[in-house]
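Source file: my_file_17.cif. Holds: mmCIF, C-alpha atoms.
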```cif
data_query
#
loop_
_atom_site.group_PDB
_atom_site.id
_atom_site.type_symbol
_atom_site.label_atom_id
_atom_site.label_comp_id
_atom_site.auth_asym_id
_atom_site.auth_seq_id
_atom_site.Cartn_x
_atom_site.Cartn_y
_atom_site.Cartn_z
ATOM 1 C CA MET A 54 -3.512 15.863 32.036
ATOM 2 C CA GLU A 55 -5.248 13.635 29.486
ATOM 3 C CA ILE A 56 -7.661 15.479 27.209
ATOM 4 C CA PRO A 57 -10.192 13.911 24.794
ATOM 5 C CA SER A 58 -9.885 13.914 21.020
ATOM 6 C CA ALA A 59 -11.488 16.920 19.385
ATOM 7 C CA SER A 60 -14.049 16.354 16.635
ATOM 8 C CA LEU A 61 -12.700 15.543 13.189
ATOM 9 C CA MET A 62 -14.360 18.778 12.054
ATOM 10 C CA PRO A 63 -12.409 21.823 13.269
ATOM 11 C CA GLU A 64 -14.100 24.245 15.630
ATOM 12 C CA ASN A 65 -13.755 27.935 14.769
ATOM 13 C CA ASP A 66 -11.090 27.100 12.183
ATOM 14 C CA PRO A 67 -12.077 27.499 8.514
ATOM 15 C CA SER A 68 -8.554 26.760 7.225
ATOM 16 C CA THR A 69 -9.166 23.032 6.670
ATOM 17 C CA LEU A 70 -12.159 20.735 6.218
ATOM 18 C CA PHE A 71 -10.918 18.239 8.837
ATOM 19 C CA ASN A 72 -8.465 18.228 11.720
ATOM 20 C CA THR A 73 -5.275 17.071 10.030
ATOM 21 C CA ALA A 74 -2.960 16.794 13.046
ATOM 22 C CA GLY A 75 -2.984 16.686 16.808
ATOM 23 C CA MET A 76 -1.784 20.271 17.012
ATOM 24 C CA GLN A 77 -4.617 21.799 15.005
ATOM 25 C CA PRO A 78 -7.271 21.891 17.768
ATOM 26 C CA LEU A 79 -4.619 23.207 20.164
ATOM 27 C CA ALA A 80 -3.346 26.051 17.952
ATOM 28 C CA PRO A 81 -4.752 28.876 20.154
ATOM 29 C CA PHE A 82 -2.932 27.455 23.176
ATOM 30 C CA LEU A 83 0.324 27.114 21.219
ATOM 31 C CA MET A 84 -0.005 30.822 20.517
ATOM 32 C CA GLY A 85 -0.238 31.643 24.233
ATOM 33 C CA GLU A 86 -3.873 31.227 25.237
ATOM 34 C CA LYS A 87 -4.194 29.373 28.568
ATOM 35 C CA HIS A 88 -5.544 25.810 28.389
ATOM 36 C CA PRO A 89 -7.978 24.952 31.213
ATOM 37 C CA ALA A 90 -6.278 21.565 31.730
ATOM 38 C CA GLY A 91 -2.831 23.092 32.270
ATOM 39 C CA LYS A 92 0.537 23.227 30.488
ATOM 40 C CA ARG A 93 1.228 19.467 30.145
ATOM 41 C CA LEU A 94 -1.309 17.535 28.095
ATOM 42 C CA VAL A 95 -1.658 14.121 26.420
ATOM 43 C CA ASP A 96 -4.262 12.978 23.899
ATOM 44 C CA ALA A 97 -5.150 10.647 21.032
ATOM 45 C CA GLN A 98 -6.457 12.907 18.261
ATOM 46 C CA LYS A 99 -8.484 11.521 15.364
ATOM 47 C CA CYS A 100 -7.186 12.974 12.087
ATOM 48 C CA VAL A 101 -7.987 12.945 8.380
ATOM 49 C CA ARG A 102 -5.152 13.986 6.079
ATOM 50 C CA THR A 103 -5.391 13.823 2.294
ATOM 51 C CA GLY A 104 -2.225 15.677 1.274
ATOM 52 C CA ASP A 105 -0.524 12.408 0.364
ATOM 53 C CA ILE A 106 -3.651 10.483 -0.611
ATOM 54 C CA ASP A 107 -1.886 9.126 -3.708
ATOM 55 C CA GLU A 108 0.441 7.200 -1.382
ATOM 56 C CA VAL A 109 -2.438 5.382 0.325
ATOM 57 C CA GLY A 110 -2.214 1.727 -0.619
ATOM 58 C CA ASN A 111 1.478 1.369 0.191
ATOM 59 C CA GLN A 112 2.431 -0.198 3.527
ATOM 60 C CA TRP A 113 2.115 2.851 5.743
ATOM 61 C CA HIS A 114 0.036 5.746 4.439
ATOM 62 C CA LEU A 115 -3.518 6.361 5.619
ATOM 63 C CA THR A 116 -6.100 9.104 5.249
ATOM 64 C CA PHE A 117 -7.703 8.507 8.676
ATOM 65 C CA PHE A 118 -5.398 7.835 11.627
ATOM 66 C CA GLU A 119 -5.129 8.422 15.353
ATOM 67 C CA MET A 120 -2.259 10.605 16.490
ATOM 68 C CA LEU A 121 -0.973 9.994 20.008
ATOM 69 C CA GLY A 122 0.555 13.162 21.416
ATOM 70 C CA ASN A 123 2.031 14.832 24.446
ATOM 71 C CA TRP A 124 2.144 18.587 24.713
ATOM 72 C CA SER A 125 4.114 21.217 26.534
ATOM 73 C CA LEU A 126 2.506 24.647 26.416
ATOM 74 C CA GLY A 127 5.366 26.866 27.494
ATOM 75 C CA ASP A 128 6.626 24.272 29.996
ATOM 76 C CA TYR A 129 9.331 21.653 29.189
ATOM 77 C CA PHE A 130 11.226 21.886 25.905
ATOM 78 C CA LYS A 131 13.746 19.956 23.773
ATOM 79 C CA LYS A 132 15.808 18.114 26.369
ATOM 80 C CA GLU A 133 12.868 16.829 28.374
ATOM 81 C CA ALA A 134 10.803 16.006 25.269
ATOM 82 C CA ILE A 135 13.557 13.990 23.577
ATOM 83 C CA GLU A 136 14.483 12.178 26.787
ATOM 84 C CA MET A 137 10.841 11.223 27.408
ATOM 85 C CA SER A 138 10.461 10.038 23.811
ATOM 86 C CA PHE A 139 13.594 7.910 24.064
ATOM 87 C CA GLU A 140 12.521 6.404 27.381
ATOM 88 C CA PHE A 141 9.014 5.581 26.146
ATOM 89 C CA LEU A 142 10.325 3.950 22.974
ATOM 90 C CA THR A 143 13.171 1.934 24.473
ATOM 91 C CA SER A 144 12.456 1.225 28.153
ATOM 92 C CA LYS A 145 11.203 -2.273 28.919
ATOM 93 C CA LYS A 146 8.711 -0.540 31.225
ATOM 94 C CA TRP A 147 7.064 0.941 28.104
ATOM 95 C CA LEU A 148 7.488 -0.127 24.439
ATOM 96 C CA GLY A 149 10.879 -1.824 24.801
ATOM 97 C CA ILE A 150 12.116 -1.213 21.234
ATOM 98 C CA PRO A 151 15.856 -2.064 20.997
ATOM 99 C CA VAL A 152 18.020 1.043 20.529
ATOM 100 C CA GLU A 153 19.685 -0.560 17.498
ATOM 101 C CA LYS A 154 16.289 -0.620 15.757
ATOM 102 C CA LEU A 155 16.027 3.189 15.897
ATOM 103 C CA ALA A 156 17.295 6.027 13.728
ATOM 104 C CA VAL A 157 16.509 9.727 14.149
ATOM 105 C CA SER A 158 16.617 12.924 12.120
ATOM 106 C CA VAL A 159 17.048 16.590 13.038
ATOM 107 C CA PHE A 160 16.644 19.917 11.250
ATOM 108 C CA ALA A 161 19.714 20.818 9.171
ATOM 109 C CA GLY A 162 19.119 24.585 9.289
ATOM 110 C CA ASP A 163 18.548 27.259 6.635
ATOM 111 C CA GLU A 164 18.146 31.022 6.265
ATOM 112 C CA ASP A 165 15.051 31.009 8.505
ATOM 113 C CA ALA A 166 16.373 28.957 11.445
ATOM 114 C CA PRO A 167 19.725 27.429 12.482
ATOM 115 C CA PHE A 168 20.851 23.794 12.521
ATOM 116 C CA ASP A 169 19.322 22.080 15.552
ATOM 117 C CA ASP A 170 22.603 21.131 17.189
ATOM 118 C CA GLU A 171 20.867 20.941 20.563
ATOM 119 C CA ALA A 172 18.616 18.069 19.450
ATOM 120 C CA PHE A 173 21.571 16.433 17.679
ATOM 121 C CA ASN A 174 23.676 16.455 20.857
ATOM 122 C CA ILE A 175 20.822 15.275 23.076
ATOM 123 C CA TRP A 176 20.368 12.185 20.881
ATOM 124 C CA LYS A 177 24.125 11.515 20.927
ATOM 125 C CA GLY A 178 24.085 11.774 24.711
ATOM 126 C CA LEU A 179 21.309 9.181 24.876
ATOM 127 C CA GLY A 180 23.394 6.660 22.956
ATOM 128 C CA ILE A 181 22.169 7.065 19.367
ATOM 129 C CA ARG A 182 25.217 6.631 17.132
ATOM 130 C CA GLU A 183 26.129 9.715 15.112
ATOM 131 C CA GLU A 184 25.712 7.862 11.800
ATOM 132 C CA ARG A 185 22.115 7.132 12.822
ATOM 133 C CA ILE A 186 21.320 10.830 13.316
ATOM 134 C CA TYR A 187 20.354 12.318 9.951
ATOM 135 C CA LYS A 188 20.284 16.036 9.149
ATOM 136 C CA TYR A 189 17.464 17.091 6.822
ATOM 137 C CA PRO A 190 16.059 20.390 5.485
ATOM 138 C CA LYS A 191 12.598 21.874 5.983
ATOM 139 C CA LYS A 192 10.972 19.419 3.590
ATOM 140 C CA GLU A 193 11.738 16.591 6.027
ATOM 141 C CA ASN A 194 12.229 18.149 9.451
ATOM 142 C CA TRP A 195 10.025 21.176 9.854
ATOM 143 C CA TRP A 196 6.378 21.311 10.884
ATOM 144 C CA GLU A 197 4.374 23.816 8.878
ATOM 145 C CA PRO A 198 1.088 25.223 10.238
ATOM 146 C CA ALA A 199 -2.124 23.554 9.045
ATOM 147 C CA SER A 200 -3.019 26.791 7.240
ATOM 148 C CA ALA A 201 -0.662 29.262 5.555
ATOM 149 C CA ILE A 202 0.137 31.028 8.833
ATOM 150 C CA GLY A 203 0.527 30.024 12.482
ATOM 151 C CA PRO A 204 2.781 28.177 14.945
ATOM 152 C CA CYS A 205 5.546 26.038 13.473
ATOM 153 C CA GLY A 206 9.112 24.960 14.016
ATOM 154 C CA PRO A 207 11.855 22.366 13.561
ATOM 155 C CA ASP A 208 11.263 18.783 14.555
ATOM 156 C CA THR A 209 13.181 15.636 15.330
ATOM 157 C CA GLU A 210 11.777 12.404 13.940
ATOM 158 C CA MET A 211 12.171 8.827 15.170
ATOM 159 C CA PHE A 212 12.268 5.872 12.790
ATOM 160 C CA TYR A 213 11.848 2.153 13.378
ATOM 161 C CA ILE A 214 14.285 0.205 11.212
ATOM 162 C CA THR A 215 12.300 -2.650 9.685
ATOM 163 C CA ASP A 216 13.659 -5.980 8.490
ATOM 164 C CA LYS A 217 12.996 -5.028 4.876
ATOM 165 C CA PRO A 218 16.182 -5.080 2.718
ATOM 166 C CA ALA A 219 17.780 -1.689 2.093
ATOM 167 C CA CYS A 220 17.102 -0.160 -1.321
ATOM 168 C CA GLY A 221 20.794 0.611 -1.836
ATOM 169 C CA ALA A 222 24.034 1.686 -0.224
ATOM 170 C CA ASP A 223 22.613 5.129 0.579
ATOM 171 C CA CYS A 224 19.302 3.875 2.003
ATOM 172 C CA GLN A 225 18.178 6.202 4.805
ATOM 173 C CA PRO A 226 15.013 7.534 6.496
ATOM 174 C CA SER A 227 14.275 9.972 3.658
ATOM 175 C CA CYS A 228 13.878 7.025 1.254
ATOM 176 C CA ALA A 229 10.400 5.908 0.273
ATOM 177 C CA CYS A 230 11.415 2.232 0.126
ATOM 178 C CA GLY A 231 9.840 1.316 3.480
ATOM 179 C CA LYS A 232 13.031 0.242 5.245
ATOM 180 C CA TYR A 233 12.633 3.106 7.736
ATOM 181 C CA LEU A 234 9.241 3.663 9.370
ATOM 182 C CA GLU A 235 8.617 7.040 10.978
ATOM 183 C CA ILE A 236 6.783 6.291 14.208
ATOM 184 C CA TRP A 237 7.126 9.515 16.183
ATOM 185 C CA ASN A 238 8.156 13.109 15.892
ATOM 186 C CA ASP A 239 8.805 15.877 18.384
ATOM 187 C CA VAL A 240 8.007 19.335 17.026
ATOM 188 C CA PHE A 241 9.616 22.295 18.745
ATOM 189 C CA MET A 242 7.112 25.052 18.077
ATOM 190 C CA GLU A 243 9.052 28.206 18.681
ATOM 191 C CA TYR A 244 8.107 30.219 15.572
ATOM 192 C CA ASN A 245 5.031 31.893 14.144
ATOM 193 C CA LYS A 246 4.815 31.979 10.346
ATOM 194 C CA THR A 247 3.330 35.292 9.252
ATOM 195 C CA SER A 248 1.274 36.117 6.139
ATOM 196 C CA ASP A 249 4.406 37.513 4.452
ATOM 197 C CA GLU A 250 6.227 34.203 5.141
ATOM 198 C CA LYS A 251 8.426 35.555 7.913
ATOM 199 C CA PHE A 252 9.277 33.404 10.941
ATOM 200 C CA GLU A 253 8.926 35.243 14.243
ATOM 201 C CA GLN A 254 9.745 33.848 17.668
ATOM 202 C CA LEU A 255 6.650 32.817 19.629
ATOM 203 C CA SER A 256 6.073 34.354 23.034
ATOM 204 C CA GLN A 257 6.270 30.830 24.511
ATOM 205 C CA LYS A 258 8.155 27.717 23.371
ATOM 206 C CA ASN A 259 5.997 24.632 22.943
ATOM 207 C CA VAL A 260 6.434 20.923 22.288
ATOM 208 C CA ASP A 261 4.044 19.029 20.007
ATOM 209 C CA THR A 262 4.691 15.314 19.645
ATOM 210 C CA GLY A 263 2.973 12.863 17.337
ATOM 211 C CA MET A 264 3.047 9.056 17.319
ATOM 212 C CA GLY A 265 0.835 7.262 14.814
ATOM 213 C CA LEU A 266 -1.189 4.603 16.610
ATOM 214 C CA GLU A 267 -1.432 2.419 13.513
ATOM 215 C CA ARG A 268 2.291 2.566 12.709
ATOM 216 C CA VAL A 269 3.542 1.872 16.203
ATOM 217 C CA THR A 270 1.061 -1.024 16.517
ATOM 218 C CA ALA A 271 2.526 -2.540 13.342
ATOM 219 C CA ALA A 272 6.115 -2.031 14.522
ATOM 220 C CA LEU A 273 5.498 -3.584 17.942
ATOM 221 C CA ASN A 274 3.920 -6.628 16.324
ATOM 222 C CA GLY A 275 6.767 -7.045 13.828
ATOM 223 C CA TYR A 276 4.532 -6.388 10.813
ATOM 224 C CA SER A 277 5.751 -4.850 7.576
ATOM 225 C CA ASP A 278 2.632 -2.714 7.102
ATOM 226 C CA ASN A 279 -0.310 -1.114 8.924
ATOM 227 C CA TYR A 280 -2.836 -3.318 7.201
ATOM 228 C CA ALA A 281 -1.657 -6.507 8.915
ATOM 229 C CA THR A 282 -2.746 -5.188 12.319
ATOM 230 C CA ASP A 283 -6.053 -5.889 14.062
ATOM 231 C CA LEU A 284 -7.118 -2.349 13.155
ATOM 232 C CA PHE A 285 -7.455 -3.415 9.505
ATOM 233 C CA LYS A 286 -7.389 -7.206 9.331
ATOM 234 C CA PRO A 287 -11.170 -7.745 9.846
ATOM 235 C CA ILE A 288 -11.914 -5.175 7.126
ATOM 236 C CA ILE A 289 -9.464 -6.840 4.712
ATOM 237 C CA GLU A 290 -11.012 -10.254 5.441
ATOM 238 C CA LYS A 291 -14.501 -8.889 4.659
ATOM 239 C CA ILE A 292 -13.243 -7.402 1.390
ATOM 240 C CA GLU A 293 -11.754 -10.823 0.507
ATOM 241 C CA GLU A 294 -15.085 -12.475 1.257
ATOM 242 C CA LEU A 295 -17.105 -10.044 -0.855
ATOM 243 C CA SER A 296 -14.657 -9.886 -3.768
ATOM 244 C CA GLY A 297 -13.578 -13.511 -3.942
ATOM 245 C CA GLU A 298 -9.960 -12.319 -4.203
ATOM 246 C CA LYS A 299 -7.031 -13.004 -1.855
ATOM 247 C CA TYR A 300 -5.226 -10.085 -0.239
ATOM 248 C CA SER A 301 -1.667 -11.243 -1.028
ATOM 249 C CA SER A 302 -2.311 -12.845 -4.425
ATOM 250 C CA ASP A 303 -1.330 -9.854 -6.558
ATOM 251 C CA ILE A 304 0.289 -6.474 -5.887
ATOM 252 C CA ASP A 305 -2.554 -4.548 -7.570
ATOM 253 C CA ILE A 306 -5.216 -6.486 -5.638
ATOM 254 C CA THR A 307 -3.323 -5.916 -2.390
ATOM 255 C CA ARG A 308 -3.044 -2.172 -3.031
ATOM 256 C CA SER A 309 -6.723 -1.929 -4.027
ATOM 257 C CA MET A 310 -7.837 -3.735 -0.861
ATOM 258 C CA ARG A 311 -5.695 -1.449 1.281
ATOM 259 C CA ILE A 312 -7.219 1.641 -0.355
ATOM 260 C CA ILE A 313 -10.763 0.334 0.126
ATOM 261 C CA ALA A 314 -10.040 -0.568 3.772
ATOM 262 C CA ASP A 315 -8.526 2.845 4.484
ATOM 263 C CA HIS A 316 -11.329 4.770 2.767
ATOM 264 C CA LEU A 317 -14.051 2.728 4.491
ATOM 265 C CA ARG A 318 -12.503 3.458 7.858
ATOM 266 C CA ALA A 319 -12.037 7.151 7.067
ATOM 267 C CA ALA A 320 -15.575 7.534 5.724
ATOM 268 C CA THR A 321 -17.015 5.811 8.807
ATOM 269 C CA PHE A 322 -15.281 8.196 11.193
#
```

Would you encode the structure as structure tokens?
Amino acid sequence: MEIPSASLMPENDPSTLFNTAGMQPLAPFLMGEKHPAGKRLVDAQKCVRTGDIDEVGNQWHLTFFEMLGNWSLGDYFKKEAIEMSFEFLTSKKWLGIPVEKLAVSVFAGDEDAPFDDEAFNIWKGLGIREERIYKYPKKENWWEPASAIGPCGPDTEMFYITDKPACGADCQPSCACGKYLEIWNDVFMEYNKTSDEKFEQLSQKNVDTGMGLERVTAALNGYSDNYATDLFKPIIEKIEELSGEKYSSDIDITRSMRIIADHLRAATF
């Protein structure tokens, strides 16, 4: 069932000023409350996230973005979620991204939760080469709740391999060089983080997926950054007109125009 985007301002949730992710408005239902639209949902949630605001101005980071998501509230889990993600990304019926242009990552495991060998093996079974499946710790492959407590869990992330040259022999998705563009992640919400930082099993296992509209639009059009897409190009052109500067004339001018375009869009929403 398709559900509408919630307001940017959270309802009955004082933990953040804005909705920062698609899962935030759905947190009560991830904890077991019944959603009136059922157990399988899809949406495009408007989000404002400022945690990495200092990165805005590079090719990919934004403060305002739209997060495309599909949700399982105690229904399907890892196998179905990963298979659906793979089909949507690669099938010519849908996005048609070549398999060789994809890399993925999975949770490496730690004292709180084990290595996600199930996700690892599902990706291998779908034809992703083992050397393209990266194992990362919590910093990279774990979804924390929007506030200090709440539903969370390991995730598997999907990356589009751009045509940008690698930054070195060990270039991989965890690099910040821009070679790998994260376009989707599947979060397996099976834990509840408590106030004493313990991780308890949830009463139901959920799937939260997130695909950035702006990033996937750039990837499908073969662009090297979000700001080349139709979502930003008219804004950039207006900034050029008003400033008398050219977008690609200087790296500092380019970054400044990206920041202005992002902040204008965020402030408008």

Each range 156-205 of chain A residue no farther than 12 Å from range 58-77 of chain A, nearest pair in Å, all atoms listed in the file, as JSON lines:
```
{"residue": "A:Trp196", "atom": "CA", "partner": "A:Met76", "partner_atom": "CA", "distance": 10.3}
{"residue": "A:Glu197", "atom": "CA", "partner": "A:Met76", "partner_atom": "CA", "distance": 10.8}
{"residue": "A:Pro198", "atom": "CA", "partner": "A:Gln77", "partner_atom": "CA", "distance": 8.2}
{"residue": "A:Ala199", "atom": "CA", "partner": "A:Gln77", "partner_atom": "CA", "distance": 6.7}
{"residue": "A:Ser200", "atom": "CA", "partner": "A:Ser68", "partner_atom": "CA", "distance": 5.5}
{"residue": "A:Ala201", "atom": "CA", "partner": "A:Ser68", "partner_atom": "CA", "distance": 8.4}
{"residue": "A:Ile202", "atom": "CA", "partner": "A:Ser68", "partner_atom": "CA", "distance": 9.8}
{"residue": "A:Gly203", "atom": "CA", "partner": "A:Gln77", "partner_atom": "CA", "distance": 10.0}
{"residue": "A:Pro204", "atom": "CA", "partner": "A:Met76", "partner_atom": "CA", "distance": 9.4}
{"residue": "A:Cys205", "atom": "CA", "partner": "A:Met76", "partner_atom": "CA", "distance": 10.0}
```

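With all atoms listed in the file as the atoms that count, the minimum distance from Asp169 in chain A to the choices A:Pro207, A:Gly149, A:Gly85, A:Gly231 is reached by A:Pro207.
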
Task: Residues within 10 Å of (7.8, -6.0, 14.5), file coords, only C-alpha atoms, listed as a PyMOL selection string - done: chain A and resi 150+213-216+269-278

Task: Separation of CA of Pro78 in chain A from CA of Tyr244 in chain A in Å - done: 17.6 Å

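Each of A:Ile56, A:Met211, A:Cys230, A:Met310 was compared to Pro287 in chain A using all atoms listed in the file, and A:Met310 turns out to be the nearest.
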
TODO: Evaluate the PyMOL selection byres ((chain A and resi 129) around 10) here and jot the selected residues down as a ChimeraX atom specification.
DONE: /A:92-93,124-128,130-134,258-260

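Relative to CA of Leu317 in chain A, CA of Thr116 in chain A is found at 10.2 Å.
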
Task: Polymer residues at most 12 Å from Ile288 in chain A, only C-alpha atoms, same-chain spacing of 5 or more positions, as number ranges by chain - done: A: 280-283, 293-295, 300, 310-318

Go ahead and write the residues just picked, C-alpha atoms, as an mmCIF file, keeping the file's coordinate frame.
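result.cif, freshly written:
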```
data_model
loop_
_atom_site.group_PDB
_atom_site.id
_atom_site.type_symbol
_atom_site.label_atom_id
_atom_site.label_comp_id
_atom_site.auth_asym_id
_atom_site.auth_seq_id
_atom_site.Cartn_x
_atom_site.Cartn_y
_atom_site.Cartn_z
ATOM 1 C CA TYR A 280 -2.836 -3.318 7.201
ATOM 2 C CA ALA A 281 -1.657 -6.507 8.915
ATOM 3 C CA THR A 282 -2.746 -5.188 12.319
ATOM 4 C CA ASP A 283 -6.053 -5.889 14.062
ATOM 5 C CA GLU A 293 -11.754 -10.823 0.507
ATOM 6 C CA GLU A 294 -15.085 -12.475 1.257
ATOM 7 C CA LEU A 295 -17.105 -10.044 -0.855
ATOM 8 C CA TYR A 300 -5.226 -10.085 -0.239
ATOM 9 C CA MET A 310 -7.837 -3.735 -0.861
ATOM 10 C CA ARG A 311 -5.695 -1.449 1.281
ATOM 11 C CA ILE A 312 -7.219 1.641 -0.355
ATOM 12 C CA ILE A 313 -10.763 0.334 0.126
ATOM 13 C CA ALA A 314 -10.040 -0.568 3.772
ATOM 14 C CA ASP A 315 -8.526 2.845 4.484
ATOM 15 C CA HIS A 316 -11.329 4.770 2.767
ATOM 16 C CA LEU A 317 -14.051 2.728 4.491
ATOM 17 C CA ARG A 318 -12.503 3.458 7.858
#
```

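In this structure, CA of Gln225 in chain A sits 17.0 Å away from CA of Gln112 in chain A.
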
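Evaluated against the shown file, the PyMOL selection byres ((chain A and resi 191) around 12) gives A:Ser158, A:Val159, A:Phe160, A:Ala161, A:Gly162, A:Asp163, A:Glu164, A:Asp165, A:Ala166, A:Pro167, A:Phe168, A:Asp169, A:Lys188, A:Tyr189, A:Pro190, A:Lys192, A:Glu193, A:Asn194, A:Trp195, A:Trp196, A:Glu197, A:Cys205, A:Gly206, A:Pro207, A:Asp208, A:Thr209.
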
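Closest approach to His88 in chain A from the set A:Val152, A:Val109, A:Met54, A:Ala222 is made by A:Met54, with distances taken over only C-alpha atoms.
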
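Among the candidates A:Arg308, A:Lys87, A:Lys154, A:Lys217, the residue lying nearest to Arg182 in chain A is A:Lys154 (atoms considered: only C-alpha atoms).
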